[in-house]
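**Q** Next comes the structure file upload-v2.csv, holding CSV, C-alpha atoms and all ligand atoms.
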```csv
chain,number,residue,atom,x,y,z
A,1,MET,CA,0.0,0.0,0.0
A,2,LYS,CA,1.1,3.6,-0.7
A,3,VAL,CA,-0.5,6.9,0.3
A,4,VAL,CA,-0.6,9.5,-2.4
A,5,ALA,CA,-0.5,13.1,-1.0
A,6,GLY,CA,-2.8,15.5,-2.8
A,7,SER,CA,-1.2,19.0,-2.5
A,8,ARG,CA,-4.0,20.3,-0.3
A,9,SER,CA,-3.8,17.4,2.1
A,10,ARG,CA,0.0,17.0,2.5
A,11,ARG,CA,0.0,17.2,6.3
A,12,LEU,CA,-2.8,14.7,6.8
A,13,SER,CA,-1.3,12.4,4.1
A,14,ARG,CA,2.0,12.3,5.9
A,15,GLU,CA,0.3,11.5,9.2
A,16,LEU,CA,-1.8,8.8,7.5
A,17,ALA,CA,1.3,7.1,5.9
A,18,ARG,CA,3.0,7.2,9.3
A,19,VAL,CA,0.0,5.6,11.1
A,20,LEU,CA,-0.4,3.0,8.4
A,21,GLY,CA,3.4,2.4,8.2
A,22,VAL,CA,3.4,2.7,4.4
A,23,LYS,CA,5.3,4.8,1.9
A,24,LEU,CA,4.2,8.3,1.0
A,25,VAL,CA,4.1,9.3,-2.6
A,26,GLU,CA,4.5,13.1,-3.0
A,27,VAL,CA,3.0,14.9,-6.0
A,28,ASP,CA,4.0,17.7,-8.2
A,29,ALA,CA,0.9,19.8,-8.6
A,30,HIS,CA,1.3,23.3,-10.0
A,31,PRO,CA,-0.6,25.6,-12.3
A,32,PHE,CA,0.4,26.1,-15.9
A,33,PRO,CA,0.7,29.8,-16.9
A,34,ASP,CA,-3.0,29.7,-18.0
A,35,GLY,CA,-4.1,28.5,-14.6
A,36,GLU,CA,-4.8,24.9,-15.6
A,37,LYS,CA,-3.4,22.2,-13.2
A,38,TYR,CA,-0.4,20.0,-13.9
A,39,VAL,CA,-0.1,16.9,-11.8
A,40,ARG,CA,2.6,14.2,-11.6
A,41,LEU,CA,3.2,11.4,-9.1
A,42,LEU,CA,6.8,11.5,-7.9
A,43,ASP,CA,7.0,7.8,-7.3
A,44,GLY,CA,5.6,4.6,-8.9
A,45,VAL,CA,2.4,3.0,-7.8
A,46,GLU,CA,2.2,0.0,-10.2
A,47,GLY,CA,0.5,-3.0,-8.6
A,48,GLU,CA,0.0,-1.0,-5.4
A,49,ASP,CA,-3.2,-0.5,-3.3
A,50,VAL,CA,-3.3,3.2,-3.3
A,51,VAL,CA,-4.9,5.5,-0.8
A,52,LEU,CA,-5.2,8.9,-2.5
A,53,VAL,CA,-5.9,11.8,-0.1
A,54,GLN,CA,-7.1,15.2,-1.2
A,55,THR,CA,-9.5,17.6,0.4
A,56,THR,CA,-12.0,19.8,-1.6
A,57,ARG,CA,-10.9,23.3,-0.7
A,58,PRO,CA,-10.2,25.5,-2.4
A,59,ASP,CA,-12.1,24.6,-5.6
A,60,ASP,CA,-9.0,23.8,-7.6
A,61,ALA,CA,-8.3,21.0,-5.2
A,62,ILE,CA,-11.3,19.2,-6.8
A,63,VAL,CA,-9.8,19.4,-10.3
A,64,GLU,CA,-6.5,18.1,-8.9
A,65,LEU,CA,-8.3,15.2,-7.2
A,66,PHE,CA,-9.8,14.1,-10.5
A,67,LEU,CA,-6.4,14.4,-12.3
A,68,LEU,CA,-4.6,12.5,-9.5
A,69,GLN,CA,-7.2,9.7,-9.7
A,70,ASP,CA,-6.4,9.5,-13.4
A,71,ALA,CA,-2.7,9.6,-12.8
A,72,VAL,CA,-2.9,6.8,-10.2
A,73,ARG,CA,-4.9,4.5,-12.6
A,74,GLU,CA,-2.6,5.4,-15.5
A,75,ALA,CA,0.4,4.4,-13.4
A,76,GLY,CA,-1.1,0.9,-12.9
A,77,ALA,CA,-2.3,0.9,-9.3
A,78,GLU,CA,-4.0,-2.3,-8.3
A,79,SER,CA,-6.8,-0.5,-6.4
A,80,VAL,CA,-7.6,3.1,-5.4
A,81,ILE,CA,-9.3,4.3,-2.2
A,82,THR,CA,-10.1,8.0,-2.4
A,83,VAL,CA,-10.0,9.8,0.9
A,84,VAL,CA,-11.8,13.2,0.8
A,85,PRO,CA,-11.3,14.4,4.4
A,86,TYR,CA,-13.6,17.4,3.9
A,87,TYR,CA,-16.5,16.8,1.5
A,88,GLY,CA,-17.2,20.2,0.1
A,89,TYR,CA,-20.6,21.1,-1.5
A,90,GLY,CA,-22.2,18.8,1.1
A,91,ARG,CA,-24.6,21.5,2.2
A,92,GLN,CA,-26.1,21.7,-1.3
A,93,ASP,CA,-27.4,18.2,-0.9
A,94,LYS,CA,-30.8,18.9,-2.4
A,95,ARG,CA,-32.5,21.3,-4.8
A,96,PHE,CA,-33.7,24.1,-2.6
A,97,ASN,CA,-34.9,26.2,-5.6
A,98,GLU,CA,-35.8,25.4,-9.2
A,99,GLY,CA,-32.9,25.2,-11.5
A,100,GLU,CA,-30.2,24.5,-8.9
A,101,ALA,CA,-27.6,21.7,-9.1
A,102,ILE,CA,-27.6,19.0,-6.4
A,103,SER,CA,-23.9,19.7,-6.0
A,104,ALA,CA,-23.1,17.1,-3.4
A,105,ARG,CA,-24.5,14.4,-5.8
A,106,ALA,CA,-22.5,15.9,-8.8
A,107,LEU,CA,-19.3,15.5,-6.8
A,108,ALA,CA,-20.2,11.9,-5.7
A,109,ARG,CA,-20.8,10.8,-9.2
A,110,ARG,CA,-17.5,12.0,-10.4
A,111,ILE,CA,-15.3,10.9,-7.5
A,112,GLN,CA,-16.5,7.3,-7.9
A,113,LEU,CA,-15.6,7.1,-11.6
A,114,ASP,CA,-12.0,6.4,-10.8
A,115,SER,CA,-12.1,4.9,-7.4
A,116,ASP,CA,-12.8,1.5,-5.8
A,117,GLY,CA,-13.6,2.8,-2.4
A,118,PHE,CA,-14.4,6.1,-0.7
A,119,ILE,CA,-13.8,7.6,2.8
A,120,THR,CA,-14.7,10.9,4.2
A,121,VAL,CA,-15.0,12.5,7.7
A,122,ASP,CA,-18.1,14.1,9.2
A,123,ILE,CA,-20.0,14.5,6.0
A,124,HIS,CA,-22.8,17.1,6.1
A,125,SER,CA,-25.6,14.5,5.6
A,126,GLU,CA,-25.3,10.8,5.5
A,127,HIS,CA,-27.6,10.4,2.5
A,128,ILE,CA,-24.8,11.8,0.3
A,129,LEU,CA,-23.1,8.4,0.7
A,130,GLY,CA,-26.1,6.8,-0.9
A,131,TRP,CA,-25.1,8.4,-4.1
A,132,PHE,CA,-21.9,6.4,-4.2
A,133,SER,CA,-22.1,3.0,-5.9
A,134,ILE,CA,-18.7,2.0,-4.6
A,135,PRO,CA,-18.1,1.0,-1.0
A,136,SER,CA,-18.1,4.1,1.1
A,137,VAL,CA,-17.2,4.9,4.8
A,138,GLU,CA,-17.9,8.0,6.8
A,139,VAL,CA,-15.6,8.4,9.8
A,140,SER,CA,-16.6,10.5,12.8
A,141,GLY,CA,-14.2,13.2,13.8
A,142,ALA,CA,-15.6,13.3,17.4
A,143,PRO,CA,-12.9,11.1,19.0
A,144,ALA,CA,-10.2,13.3,17.6
A,145,VAL,CA,-12.0,16.4,18.9
A,146,ALA,CA,-12.4,14.8,22.3
A,147,GLU,CA,-8.7,13.8,22.4
A,148,TYR,CA,-7.7,17.3,21.6
A,149,LEU,CA,-10.0,18.9,24.2
A,150,LYS,CA,-8.5,16.7,26.9
A,151,GLY,CA,-5.6,19.1,27.0
A,152,LEU,CA,-7.9,22.1,27.5
A,153,ASP,CA,-9.5,21.2,30.8
A,154,VAL,CA,-13.1,21.8,29.6
A,155,ASP,CA,-16.1,21.8,32.0
A,156,VAL,CA,-19.0,21.8,29.5
A,157,VAL,CA,-19.4,20.9,25.8
A,158,VAL,CA,-22.1,22.9,23.9
A,159,ALA,CA,-23.6,22.0,20.6
A,160,PRO,CA,-24.5,25.3,18.7
A,161,ASP,CA,-27.5,23.7,17.1
A,162,ARG,CA,-29.6,20.5,17.2
A,163,GLY,CA,-27.6,19.1,14.3
A,164,SER,CA,-24.5,19.0,16.4
A,165,LEU,CA,-26.1,17.5,19.4
A,166,HIS,CA,-25.0,13.9,18.7
A,167,ARG,CA,-21.4,15.0,18.1
A,168,ALA,CA,-21.3,17.2,21.2
A,169,GLY,CA,-22.8,14.4,23.3
A,170,ALA,CA,-20.1,11.9,22.0
A,171,VAL,CA,-17.3,14.4,22.8
A,172,ALA,CA,-18.7,15.2,26.3
A,173,GLU,CA,-19.1,11.5,27.1
A,174,LYS,CA,-15.4,10.8,26.1
A,175,LEU,CA,-14.4,13.8,28.3
A,176,GLY,CA,-16.7,12.8,31.2
A,177,VAL,CA,-18.2,16.3,31.3
A,178,GLU,CA,-21.8,17.7,30.9
A,179,PHE,CA,-23.2,18.9,27.6
A,180,ASP,CA,-25.9,21.2,26.4
A,181,PHE,CA,-27.2,22.6,23.2
A,182,LEU,CA,-28.5,25.8,21.6
A,183,GLU,CA,-31.3,26.4,19.1
A,184,LYS,CA,-30.0,28.0,15.9
A,185,ARG,CA,-31.9,29.5,13.0
A,186,ARG,CA,-30.1,30.5,9.8
A,187,ILE,CA,-31.3,33.8,8.4
A,188,ASP,CA,-29.1,33.9,5.4
A,189,GLU,CA,-25.6,32.6,4.3
A,190,ARG,CA,-23.8,34.9,6.7
A,191,THR,CA,-26.3,35.5,9.5
A,192,VAL,CA,-27.6,33.1,12.2
A,193,GLU,CA,-29.9,33.7,15.1
A,194,ILE,CA,-29.6,31.8,18.3
A,195,THR,CA,-32.6,31.6,20.6
A,196,PRO,CA,-31.7,32.9,24.1
A,197,LYS,CA,-31.4,30.0,26.6
A,198,GLU,CA,-30.4,29.7,30.2
A,199,LEU,CA,-27.2,27.8,30.3
A,200,ASP,CA,-25.4,26.7,33.4
A,201,VAL,CA,-22.0,28.0,32.3
A,202,GLU,CA,-21.1,30.8,34.8
A,203,GLY,CA,-17.4,30.6,35.6
A,204,LYS,CA,-17.0,27.5,33.4
A,205,LYS,CA,-14.8,26.7,30.5
A,206,VAL,CA,-17.0,25.8,27.5
A,207,ALA,CA,-16.1,24.0,24.3
A,208,ILE,CA,-18.4,24.8,21.4
A,209,VAL,CA,-18.1,21.7,19.2
A,210,ASP,CA,-19.3,21.8,15.5
A,211,ASP,CA,-18.6,19.9,12.3
A,212,ILE,CA,-17.8,23.1,10.4
A,213,ILE,CA,-16.8,26.6,11.2
A,214,SER,CA,-17.4,28.5,8.0
A,215,THR,CA,-18.2,32.2,8.3
A,216,GLY,CA,-17.9,31.9,12.1
A,217,GLY,CA,-21.5,33.3,12.5
A,218,THR,CA,-22.7,30.3,14.5
A,219,VAL,CA,-19.7,30.3,16.9
A,220,ILE,CA,-19.9,34.1,17.3
A,221,GLU,CA,-23.6,34.1,18.2
A,222,ALA,CA,-23.2,31.1,20.6
A,223,THR,CA,-20.2,32.8,22.2
A,224,ARG,CA,-22.0,36.1,22.7
A,225,GLN,CA,-24.7,34.3,24.6
A,226,MET,CA,-22.3,32.4,26.8
A,227,LYS,CA,-20.2,35.5,27.6
A,228,ALA,CA,-23.4,37.2,28.7
A,229,ALA,CA,-24.0,34.2,31.0
A,230,GLY,CA,-20.6,34.8,32.6
A,231,VAL,CA,-18.6,31.9,31.0
A,232,ALA,CA,-14.8,31.8,32.0
A,233,ALA,CA,-13.6,30.8,28.5
A,234,VAL,CA,-15.0,29.7,25.2
A,235,TYR,CA,-13.1,27.3,23.0
A,236,ALA,CA,-14.5,26.7,19.5
A,237,VAL,CA,-13.3,23.4,18.1
A,238,CYS,CA,-14.4,21.8,14.8
A,239,THR,CA,-13.6,19.1,12.4
A,240,HIS,CA,-13.6,21.2,9.3
A,241,GLY,CA,-12.1,24.7,9.6
A,242,ILE,CA,-13.2,26.6,6.5
A,243,PHE,CA,-12.8,30.0,8.1
A,244,ALA,CA,-14.5,31.9,5.2
A,245,ALA,CA,-15.3,35.6,5.0
A,246,ASN,CA,-12.7,36.8,7.6
A,247,ALA,CA,-14.1,34.4,10.1
A,248,LEU,CA,-10.9,34.3,12.1
A,249,GLU,CA,-10.6,38.1,12.3
A,250,ARG,CA,-14.3,38.3,13.4
A,251,MET,CA,-13.8,35.6,16.1
A,252,ALA,CA,-10.6,37.1,17.4
A,253,GLY,CA,-11.0,38.9,20.7
A,254,LEU,CA,-14.3,37.2,21.4
A,255,VAL,CA,-13.6,33.5,21.2
A,256,ASP,CA,-10.7,32.5,23.5
A,257,TRP,CA,-9.4,29.6,21.4
A,258,VAL,CA,-10.2,28.3,17.9
A,259,ALA,CA,-8.9,25.0,16.6
A,260,SER,CA,-9.7,22.5,13.8
A,261,SER,CA,-8.5,19.1,12.6
A,262,ASP,CA,-6.4,18.6,9.5
A,263,THR,CA,-9.3,17.8,7.1
A,264,ILE,CA,-8.7,21.3,5.8
A,265,GLU,CA,-5.2,22.5,6.5
A,266,SER,CA,-4.8,26.0,7.9
A,267,GLU,CA,-3.1,28.0,10.6
A,268,LYS,CA,-5.7,26.7,13.1
A,269,THR,CA,-5.1,23.0,12.3
A,270,ALA,CA,-4.2,21.6,15.8
A,271,PHE,CA,-5.0,17.9,15.6
A,272,THR,CA,-5.2,15.0,13.2
A,273,VAL,CA,-7.9,12.6,12.0
A,274,ALA,CA,-5.3,10.2,10.5
A,275,ASP,CA,-5.9,7.4,13.1
A,276,LEU,CA,-9.6,7.6,12.4
A,277,ILE,CA,-9.1,7.4,8.7
A,278,ALA,CA,-6.8,4.5,9.1
A,279,GLU,CA,-9.6,2.7,11.0
A,280,GLY,CA,-11.9,3.6,8.1
A,281,ILE,CA,-9.5,2.1,5.6
A,282,SER,CA,-9.6,-1.2,7.5
A,283,LEU,CA,-13.4,-1.2,7.4
A,284,LEU,CA,-13.4,-0.4,3.7
A,285,GLN,CA,-10.9,-3.1,3.0
A,286,GLU,CA,-13.2,-5.7,4.6
A,287,GLN,CA,-16.0,-4.5,2.2
A,288,LEU,CA,-13.7,-4.6,-0.8
A,289,ARG,CA,-12.5,-8.1,-0.1
B,1,LIG,C1,-24.5,23.7,10.0
B,1,LIG,O1,-25.2,22.8,9.6
B,1,LIG,C2,-23.1,23.3,10.5
B,1,LIG,O2,-23.1,22.3,11.4
B,1,LIG,C3,-22.3,24.5,11.0
B,1,LIG,O3,-23.0,25.0,12.2
B,1,LIG,C4,-22.3,25.7,10.0
B,1,LIG,O4,-21.9,25.2,8.8
B,1,LIG,C5,-21.4,26.8,10.5
B,1,LIG,O5,-21.4,27.8,9.6
B,1,LIG,P1,-21.0,29.3,10.0
B,1,LIG,O6,-19.6,29.2,10.6
B,1,LIG,O7,-21.0,30.0,8.7
B,1,LIG,O8,-22.0,29.8,10.9
```
Take the structure from the file and write it as structure tokens.
**A**
Amino acid sequence: MKVVAGSRSRRLSRELARVLGVKLVEVDAHPFPDGEKYVRLLDGVEGEDVVLVQTTRPDDAIVELFLLQDAVREAGAESVITVVPYYGYGRQDKRFNEGEAISARALARRIQLDSDGFITVDIHSEHILGWFSIPSVEVSGAPAVAEYLKGLDVDVVVAPDRGSLHRAGAVAEKLGVEFDFLEKRRIDERTVEITPKELDVEGKKVAIVDDIISTGGTVIEATRQMKAAGVAAVYAVCTHGIFAANALERMAGLVDWVASSDTIESEKTAFTVADLIAEGISLLQEQLR
């Protein structure tokens, strides 16, 4: 087995190769002068079971992913497991308005064309996996979040909305602390409203746990409520740190600590999901046998 490191997932690929104890194949991926992508594997994969890792951000990572799948097949790999640590476009998983694409499905259809198996982490909705006709595994990032939070001495875990309740509960259980949740309503792409709620957080260190921090609107509104309730500190920890629209600048000075996993690599990447993906690969291999 060899791990092929997509250029937007180099750190995670390195970790994964280390955990699996297999060789890492680096990639030359750079733009031509006209902006089109050039890719080349820097080591052979003939006859190998390949694990190709590439996230979906920014958008050009998706083109690179398709080109790398082709390169791996072309180089004679025995099998290809595609690991997409952050599955972008997952939130457009249905047609909300006439004329829209079902973007999450469009991506699924194309990823599986050149792959024998598929792994992702904390996908927005499970039904996206139903669009894959190859064996697919979704790995939960919650154990990695919990492991990271062990070092931050948290008293309470809070889910910023009902959708994150299960994740926050799992993290709190692993930490042996209480958990609670807030009610969120999304007004538009950048604005959310959180219903005021009495939370027992005075003087406590709270971790807001979510799958994604995108614009930061959810974390900011949740933090404001908790600061008003006299919280000692707020840590915002997520699996996928998108940090769009100046999210980090807007959270700075309000949120005490922001961290994400390496499903999207950024200055806030503080922990890895490599061990969890390695477990996912074992599960997938059983299905592929
Ligand atoms: C929503 O379904 C997700 O779990 C996140 O809460 C959301 O994507 C966060 O977005 P933002 O940071 O833009 O509020």
**Q** Might I get the box with edges along x, y and z of the file that holds all atoms of region 111-126 of chain A listed there, padded by 4 Å on every side, given as centre and edge lengths in Å to one decimal, as lines of an AutoDock Vina configuration file?
**A**
```
center_x = -18.8
center_y = 9.3
center_z = -1.2
size_x = 21.6
size_y = 23.6
size_z = 28.8
```
**Q** Write out as JSON lines a residue-level contact list of chain A versus ligand LIG 1 (chain B) with cut-off 9 Å: for each qualifying residue the closest pair of atoms and the distance in Å to one decimal, counting all atoms listed in the file, rows sorted by chain and residue number upward.
**A**
```
{"residue": "A:Arg91", "atom": "CA", "partner": "B:LIG1", "partner_atom": "O1", "distance": 7.5}
{"residue": "A:His124", "atom": "CA", "partner": "B:LIG1", "partner_atom": "O1", "distance": 7.1}
{"residue": "A:Ala159", "atom": "CA", "partner": "B:LIG1", "partner_atom": "O3", "distance": 8.9}
{"residue": "A:Pro160", "atom": "CA", "partner": "B:LIG1", "partner_atom": "O3", "distance": 6.7}
{"residue": "A:Asp161", "atom": "CA", "partner": "B:LIG1", "partner_atom": "O3", "distance": 6.8}
{"residue": "A:Arg162", "atom": "CA", "partner": "B:LIG1", "partner_atom": "O2", "distance": 8.9}
{"residue": "A:Gly163", "atom": "CA", "partner": "B:LIG1", "partner_atom": "O2", "distance": 6.2}
{"residue": "A:Ser164", "atom": "CA", "partner": "B:LIG1", "partner_atom": "O2", "distance": 6.2}
{"residue": "A:Lys184", "atom": "CA", "partner": "B:LIG1", "partner_atom": "O3", "distance": 8.5}
{"residue": "A:Arg186", "atom": "CA", "partner": "B:LIG1", "partner_atom": "O8", "distance": 8.2}
{"residue": "A:Glu189", "atom": "CA", "partner": "B:LIG1", "partner_atom": "O7", "distance": 6.9}
{"residue": "A:Arg190", "atom": "CA", "partner": "B:LIG1", "partner_atom": "O7", "distance": 6.0}
{"residue": "A:Thr191", "atom": "CA", "partner": "B:LIG1", "partner_atom": "O8", "distance": 7.3}
{"residue": "A:Val192", "atom": "CA", "partner": "B:LIG1", "partner_atom": "O8", "distance": 6.6}
{"residue": "A:Asp210", "atom": "CA", "partner": "B:LIG1", "partner_atom": "O2", "distance": 5.6}
{"residue": "A:Asp211", "atom": "CA", "partner": "B:LIG1", "partner_atom": "O2", "distance": 5.2}
{"residue": "A:Ile212", "atom": "CA", "partner": "B:LIG1", "partner_atom": "C3", "distance": 4.8}
{"residue": "A:Ile213", "atom": "CA", "partner": "B:LIG1", "partner_atom": "O6", "distance": 3.9}
{"residue": "A:Ser214", "atom": "CA", "partner": "B:LIG1", "partner_atom": "O6", "distance": 3.5}
{"residue": "A:Thr215", "atom": "CA", "partner": "B:LIG1", "partner_atom": "O7", "distance": 3.6}
{"residue": "A:Gly216", "atom": "CA", "partner": "B:LIG1", "partner_atom": "O6", "distance": 3.5}
{"residue": "A:Gly217", "atom": "CA", "partner": "B:LIG1", "partner_atom": "O8", "distance": 3.9}
{"residue": "A:Thr218", "atom": "CA", "partner": "B:LIG1", "partner_atom": "O8", "distance": 3.7}
{"residue": "A:Val219", "atom": "CA", "partner": "B:LIG1", "partner_atom": "O6", "distance": 6.4}
{"residue": "A:Ile220", "atom": "CA", "partner": "B:LIG1", "partner_atom": "O8", "distance": 8.0}
{"residue": "A:Glu221", "atom": "CA", "partner": "B:LIG1", "partner_atom": "O8", "distance": 8.6}
{"residue": "A:Gly241", "atom": "CA", "partner": "B:LIG1", "partner_atom": "O6", "distance": 8.8}
{"residue": "A:Ile242", "atom": "CA", "partner": "B:LIG1", "partner_atom": "O6", "distance": 8.0}
{"residue": "A:Phe243", "atom": "CA", "partner": "B:LIG1", "partner_atom": "O6", "distance": 7.3}
{"residue": "A:Ala244", "atom": "CA", "partner": "B:LIG1", "partner_atom": "O7", "distance": 7.6}
{"residue": "A:Ala245", "atom": "CA", "partner": "B:LIG1", "partner_atom": "O7", "distance": 8.8}
{"residue": "A:Ala247", "atom": "CA", "partner": "B:LIG1", "partner_atom": "O6", "distance": 7.6}
```
**Q** Tell me, in Å to one decimal, how far CA of Asp256 (chain A) is from CA of Ala233 (chain A).
**A** 6.0 Å
**Q** May I have a table of the residues of region 46-134 of chain A lying at most 8 Å from region 261-267 of chain A, giving each one's closest pair of atoms and their distance in Å to one decimal, counting all atoms listed in the file, ordered by chain and ascending residue number, as a tab-separated table?
**A**
```
residue	atom	partner	partner_atom	distance
A:Thr55	CA	A:Ile264	CA	6.6
A:Arg57	CA	A:Ile264	CA	7.1
A:Pro85	CA	A:Thr263	CA	4.8
A:Tyr86	CA	A:Thr263	CA	5.4
A:Val121	CA	A:Thr263	CA	7.8
```
**Q** Between CA of Asp200 (chain A) and CA of Ala168 (chain A), what distance in Å does the model show, to one decimal?
**A**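 It comes out at 16.0 Å.
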**Q** Which is closest to Ser125 (chain A) among A:Lys2, A:Lys94, A:Arg8, A:Arg109, if we use all atoms listed in the file?
**A**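 Once distances to Ser125 (chain A) are computed over all atoms listed in the file, the minimum belongs to A:Lys94.
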**Q** With the cut-off set at 10 Å and counting only C-alpha atoms, tabulate each residue of region 88-153 of chain A with an atom at most that distance from an atom of region 37-53 of chain A, showing the nearest atom pair and its distance in Å to one decimal, ordered by chain and increasing number, as JSON lines.
**A**
```
{"residue": "A:Ser115", "atom": "CA", "partner": "A:Leu52", "partner_atom": "CA", "distance": 9.4}
{"residue": "A:Asp116", "atom": "CA", "partner": "A:Val50", "partner_atom": "CA", "distance": 10.0}
{"residue": "A:Gly117", "atom": "CA", "partner": "A:Val51", "partner_atom": "CA", "distance": 9.2}
{"residue": "A:Phe118", "atom": "CA", "partner": "A:Val51", "partner_atom": "CA", "distance": 9.5}
{"residue": "A:Ile119", "atom": "CA", "partner": "A:Val53", "partner_atom": "CA", "distance": 9.4}
{"residue": "A:Thr120", "atom": "CA", "partner": "A:Val53", "partner_atom": "CA", "distance": 9.8}
```
**Q** Ranking A:Gly130, A:Ile81, A:Ile187, A:Tyr89 by minimum distance to Asp59 (chain A) and counting all atoms listed in the file, which one comes first?
**A**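 The closest residue to Asp59 (chain A) is A:Tyr89.
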**Q** Skip region 138-144 of chain A itself and residues of its chain fewer than 6 positions away, then list as number ranges by chain all residues within 9 Å of it, counting only C-alpha atoms.
**A** A: 118-123, 126, 129, 167-168, 170-171, 174, 209, 211, 238-239, 261, 271-273, 275-277, 279-280
**Q** Step by step: locate region 131-179 of chain A in the block above, keep C-alpha atoms, then write the file as a PDB file, in the first residue's frame.
**A**
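Below is the file out39.pdb, written as the result:
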```pdb
ATOM      1  CA  TRP A 131     -25.074   8.433  -4.130  1.00  0.00           C
ATOM      2  CA  PHE A 132     -21.877   6.370  -4.192  1.00  0.00           C
ATOM      3  CA  SER A 133     -22.119   3.038  -5.945  1.00  0.00           C
ATOM      4  CA  ILE A 134     -18.685   2.003  -4.604  1.00  0.00           C
ATOM      5  CA  PRO A 135     -18.106   0.956  -0.955  1.00  0.00           C
ATOM      6  CA  SER A 136     -18.051   4.134   1.150  1.00  0.00           C
ATOM      7  CA  VAL A 137     -17.237   4.874   4.767  1.00  0.00           C
ATOM      8  CA  GLU A 138     -17.895   8.001   6.815  1.00  0.00           C
ATOM      9  CA  VAL A 139     -15.582   8.416   9.775  1.00  0.00           C
ATOM     10  CA  SER A 140     -16.639  10.458  12.820  1.00  0.00           C
ATOM     11  CA  GLY A 141     -14.200  13.181  13.816  1.00  0.00           C
ATOM     12  CA  ALA A 142     -15.609  13.297  17.380  1.00  0.00           C
ATOM     13  CA  PRO A 143     -12.932  11.050  18.974  1.00  0.00           C
ATOM     14  CA  ALA A 144     -10.166  13.299  17.610  1.00  0.00           C
ATOM     15  CA  VAL A 145     -11.966  16.422  18.858  1.00  0.00           C
ATOM     16  CA  ALA A 146     -12.372  14.837  22.304  1.00  0.00           C
ATOM     17  CA  GLU A 147      -8.730  13.766  22.416  1.00  0.00           C
ATOM     18  CA  TYR A 148      -7.663  17.322  21.591  1.00  0.00           C
ATOM     19  CA  LEU A 149      -9.988  18.864  24.177  1.00  0.00           C
ATOM     20  CA  LYS A 150      -8.520  16.653  26.918  1.00  0.00           C
ATOM     21  CA  GLY A 151      -5.622  19.091  27.005  1.00  0.00           C
ATOM     22  CA  LEU A 152      -7.863  22.141  27.497  1.00  0.00           C
ATOM     23  CA  ASP A 153      -9.542  21.237  30.795  1.00  0.00           C
ATOM     24  CA  VAL A 154     -13.108  21.804  29.585  1.00  0.00           C
ATOM     25  CA  ASP A 155     -16.090  21.831  31.991  1.00  0.00           C
ATOM     26  CA  VAL A 156     -19.005  21.770  29.523  1.00  0.00           C
ATOM     27  CA  VAL A 157     -19.447  20.895  25.837  1.00  0.00           C
ATOM     28  CA  VAL A 158     -22.080  22.879  23.936  1.00  0.00           C
ATOM     29  CA  ALA A 159     -23.627  22.048  20.560  1.00  0.00           C
ATOM     30  CA  PRO A 160     -24.485  25.295  18.739  1.00  0.00           C
ATOM     31  CA  ASP A 161     -27.524  23.677  17.110  1.00  0.00           C
ATOM     32  CA  ARG A 162     -29.560  20.473  17.232  1.00  0.00           C
ATOM     33  CA  GLY A 163     -27.637  19.094  14.258  1.00  0.00           C
ATOM     34  CA  SER A 164     -24.472  18.989  16.368  1.00  0.00           C
ATOM     35  CA  LEU A 165     -26.131  17.491  19.434  1.00  0.00           C
ATOM     36  CA  HIS A 166     -25.024  13.936  18.748  1.00  0.00           C
ATOM     37  CA  ARG A 167     -21.412  15.019  18.084  1.00  0.00           C
ATOM     38  CA  ALA A 168     -21.256  17.218  21.216  1.00  0.00           C
ATOM     39  CA  GLY A 169     -22.763  14.396  23.275  1.00  0.00           C
ATOM     40  CA  ALA A 170     -20.147  11.940  22.035  1.00  0.00           C
ATOM     41  CA  VAL A 171     -17.323  14.390  22.802  1.00  0.00           C
ATOM     42  CA  ALA A 172     -18.709  15.182  26.276  1.00  0.00           C
ATOM     43  CA  GLU A 173     -19.058  11.475  27.068  1.00  0.00           C
ATOM     44  CA  LYS A 174     -15.436  10.840  26.145  1.00  0.00           C
ATOM     45  CA  LEU A 175     -14.357  13.793  28.316  1.00  0.00           C
ATOM     46  CA  GLY A 176     -16.669  12.824  31.194  1.00  0.00           C
ATOM     47  CA  VAL A 177     -18.235  16.315  31.312  1.00  0.00           C
ATOM     48  CA  GLU A 178     -21.754  17.732  30.866  1.00  0.00           C
ATOM     49  CA  PHE A 179     -23.168  18.890  27.588  1.00  0.00           C
TER      50      PHE A 179
END
```
